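Presented below is the structure to which this report refers.
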Number of protein chains: 2
Amino acid sequence: MRHNPFTSAFGLTYPIIQAPMAGGATTPELVAAVCNAGGMGSFAAAALSPQAILDGVRRIRALTARPFNVNLFAPRALQASAGDLTRAHELLAPFRAELGLPDPCTPDKFCENPADQIAALIECRPALASFTFDVLEADDMACLRRAGLAVMGTATNVAEARAWQDAGADFVCAQGGEAGGHRGTFLGDFDQSCIGLMALVPQVVANVRLPVVAAGGIMDGRGIAAAQVLGACAAQLGTAFLCCDESAISAAWKRGLRAAGDASTRVTRAFSGRHARGVANAFMDALRPHEHELPPYPVHNALTADLRAAAARQDRPEYISLWAGQGVPMLRALPAARLMQLLVEERAAALAQVE
Amino acid sequence: MRHNPFTSAFGLTYPIIQAPMAGGATTPELVAAVCNAGGMGSFAAAALSPQAILDGVRRIRALTARPFNVNLFAPRALQASAGDLTRAHELLAPFRAELGLPDPCTPDKFCENPADQIAALIECRPALASFTFDVLEADDMACLRRAGLAVMGTATNVAEARAWQDAGADFVCAQGGEAGGHRGTFLGDFDQSCIGLMALVPQVVANVRLPVVAAGGIMDGRGIAAAQVLGACAAQLGTAFLCCDESAISAAWKRGLRAAGDASTRVTRAFSGRHARGVANAFMDALRPHEHELPPYPVHNALTADLRAAAARQDRPEYISLWAGQGVPMLRALPAARLMQLLVEERAAALAQVE
């Protein structure tokens, strides 16, 4: 396979990135298996303490000598009023009751401290750090660059890709509307920034000098080839790896994914306060008319944390965030190395069939 | 270029379809120019009387001997209550006032009679008839087949593609969430059926035996190649042809398109009562909080008809339906034959750059 600026930068055999996914999916075992198979694994660290990030990276390094990616959020410090919190608790109360949870208490902190997480990254120095939710502050970017990390920013539209370029990123990940999990949108309207890869990739490629990675709805080698034909230098696949043997997502999540069809997912704020795509379930349906009343991320995310954890323990997919992209029915439950092999074969076959 | 079931069926040189688009875009001149350049032109006939369909087809035939497509809607007969109509008139009143229009009267009929339109198709026998909004009744399908027309149905999800297959269609057009103009969704949730082509094409291909055409956000030869890599036998491009020399859309529409960025479009019910993607403008923004109150298509479409016509005459893009897909900034104002030539060259180049 011909090299490009992304594969060359990291000595990858294949232009394939396993996407960072929260909730237990991106175990050190999954990340390392993808790296060892010639792609780039990504460790989702946004919800982790600095110590957990260091531990995870140590474990990945014990399993592979290849470069890998660690992903963080770059959230704005958003607050919620006492009234917002009361209303959110009120909306969540029936679900807490159903799951046998006690009355809620508002947590002391809503998320890990981003500065401490970045300090952990600088300490453990993965080859690549990727970010979503906003562009990095100049200071953070400078520290990461000085420490020798490459930086990839997530963009859902051209303005965001330009913002990452201006901030000094090395790569931009164009997140299509097809993508599962949280939307990276930070400039402009969320609906209008839910842009399919077919339209998004060529426009981002035309408007930034950075190499562009395509993410969203890519489930097999045809999608990887199509992303490259559109101008991307690599494809980032999340949902495709969600049920790999090395993924540690809950049985309930897996069950929810297996039941999903092509028209089963939609974007919701119900779980975290931030727009994210998942398989529609009873929780999403019940909160659909109230989404505008929910507090922003990370506040609402913290408020639903024990509820989601309890639902996973109790094997109740109807109450957990079943993050998944629009290609979810195409996922394959295989060892990651075997999936990588299939992706590479399918990619070649897809290109060969079109002349 | 290798032939496939679509190009073979019609003797096309290239797997490129110019999409049917209402509002004056698909003139007989545009349709014929695309056909003469080796692709397939489509004549948008949904808003036309049977006589206008016959006249248009006659004019196309005077300009080309090649096969072409005529598109109709297959709308369900939806009604609106007197209360719905009153509320819609109330919501539209400020815009009518702004445009100097008299008090509205509810029209006698809301759309052309679909049975009469199909009779016109059977009389003039284009090589292909395509349909959107719903699956055809068995009787209509049988008449079209007996008359020798091939039939293509529009699907926004796998269930709809299967419905068209079961109804006896020859081809299915997979309409991605990127697509401009009306959404074809007729089974299931509109939001959940706004599926990007990257995820939609492989799933439709895997689930029906029919050859699949890809539509939505395809603006250049890279997109055509990508659609084929994903498994489509042809690509249908609408927005890409919207500003061709042969297109007769209003100056206001063209101006609205030129001002659009990648994140300028969204899906709205504001203009027609049916979900459709266009460049956001003042009219869409004003009605955004009231979309659930609007009557269904074709009722609301008829109520806004003189308002849209007046806005176009007065060169007011802020009040007309600026239908466009998510790739709108990539459109090129060229003669259709030149655009076709570029598409073919770009397609080859895109495939050649990926190995």
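All residue names refer to the structure tokens as shown: chains lettered A, B, ... in order, residues numbered from 1 in each chain, ligands numbered from 1 in order.
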> Running DSSP on the backbone, which parts of region 50-147 of chain A land in strand (DSSP E or B), as an MDAnalysis selection string?
Replying inline: chainID A and resid 69:73 128:132
> If you run DSSP on the backbone, which residues of region 103-198 of chain B are alpha helix (DSSP H), as a PyMOL selection string?
Replying inline: chain B and resi 114-124+138-146+158-167+197-198
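Using only C-alpha atoms, the residues found no farther than 12 Å from Gly188 (chain B), other than those of its own chain fewer than 3 positions away, are Gly261, Asp262, Ala263, Ser264 and Thr265 of chain A; Asp134, Ala155, Thr156, Asn157, Val158, Ala159, Glu160, Gly184, Thr185, Asp191, Gln192, Ser193 and Cys194 of chain B.
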The selected residues should be written to file as an mmCIF file, in the first residue's frame (atoms: C-alpha atoms).
data_model
loop_
_atom_site.group_PDB
_atom_site.id
_atom_site.type_symbol
_atom_site.label_atom_id
_atom_site.label_comp_id
_atom_site.auth_asym_id
_atom_site.auth_seq_id
_atom_site.Cartn_x
_atom_site.Cartn_y
_atom_site.Cartn_z
ATOM 1 C CA GLY A 261 -30.784 -1.889 12.230
ATOM 2 C CA ASP A 262 -29.538 0.705 9.787
ATOM 3 C CA ALA A 263 -32.191 3.205 10.898
ATOM 4 C CA SER A 264 -31.871 2.566 14.642
ATOM 5 C CA THR A 265 -29.496 5.338 15.679
ATOM 6 C CA ASP B 134 -43.584 6.120 -1.129
ATOM 7 C CA ALA B 155 -34.985 4.484 -0.376
ATOM 8 C CA THR B 156 -33.482 6.192 2.662
ATOM 9 C CA ASN B 157 -33.089 2.974 4.651
ATOM 10 C CA VAL B 158 -32.914 -0.779 4.138
ATOM 11 C CA ALA B 159 -36.603 -1.392 4.860
ATOM 12 C CA GLU B 160 -37.592 0.987 2.071
ATOM 13 C CA GLY B 184 -37.759 10.092 0.459
ATOM 14 C CA THR B 185 -38.400 8.491 3.858
ATOM 15 C CA ASP B 191 -34.181 11.528 11.900
ATOM 16 C CA GLN B 192 -33.038 7.938 12.128
ATOM 17 C CA SER B 193 -33.372 7.542 8.344
ATOM 18 C CA CYS B 194 -31.053 10.467 7.620
#
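One distance worth recording is that between CA of Val204 (chain B) and CA of Val279 (chain A), which is 18.8 Å.
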>> Taking only C-alpha atoms into account and nothing else, which residues of chain A lie no more than 6 Å away from chain B? Please answer as a PyMOL selection string.
In response: chain A and resi 178+192-193+196+198-199+217+222+226+229-230+263+265-266+326-327+350
Go ahead and write the selection's residues with C-alpha atoms as a compact mmCIF listing (two decimals), in the first residue's frame.
# COMPACT_ATOMS: atom_id res chain seq x y z
CA GLU A 178 -22.57 8.89 10.47
CA GLN A 192 -26.07 21.79 10.23
CA SER A 193 -22.70 20.28 11.25
CA GLY A 196 -22.06 13.00 5.81
CA MET A 198 -19.28 11.96 1.22
CA ALA A 199 -19.66 15.75 1.42
CA GLY A 217 -19.92 4.99 9.41
CA ARG A 222 -14.99 -0.68 1.11
CA ALA A 226 -13.99 5.11 -0.30
CA VAL A 229 -10.79 7.96 -2.80
CA LEU A 230 -12.48 11.05 -1.32
CA ALA A 263 -32.19 3.20 10.90
CA THR A 265 -29.50 5.34 15.68
CA ARG A 266 -30.01 9.02 16.27
CA GLN A 326 -24.98 4.39 11.38
CA GLY A 327 -23.16 1.30 10.12
CA ALA A 350 -13.23 -2.91 -3.38
>> Need the shell around region 103-109 of chain A: protein/DNA/RNA residues with any atom at most 12 Å away, counting only C-alpha atoms. Skip same-chain ones fewer than 6 positions apart. Format as a count of residues only?
In response: 29
>> Using only C-alpha atoms, which protein or nucleic acid residues come within 12 Å of Asp166 (chain B)? Drop anything in the same chain fewer than 2 positions from it, and give the result as number ranges by chain.
In response: B: 135-138, 141, 153, 159-164, 168-172, 208-210
> What lies within 12 Å of Gly23 (chain A) using only C-alpha atoms, ignoring chain neighbours under 6 positions off, as JSON, numbers by chain?
Replying inline: {"A": [43, 44, 45, 46, 47, 48, 181, 242, 247, 248, 249, 250, 251, 252, 253, 254, 305, 308, 309, 312, 320, 321, 322, 323, 324]}
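Closest approach to His290 (chain B) among B:Gly41, B:Pro114, B:Gly273, B:Pro102 is made by B:Gly273 (distances from only C-alpha atoms).
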>> Residues near Val70 (chain A), anyone? I mean within 12 Å using only C-alpha atoms, not counting same-chain ones fewer than 3 positions away, as number ranges by chain.
In response: A: 17-22, 26-28, 31, 40-48, 53-54, 56-57, 60, 67, 73, 117-118, 120-122, 124-132, 149-153
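Our summary of the geometry notes that CA of Ser8 (chain A) is positioned 24.4 Å from CA of Glu123 (chain A).
Of note, CA of Arg76 (chain B) and CA of Tyr297 (chain B) are spaced 8.9 Å apart.
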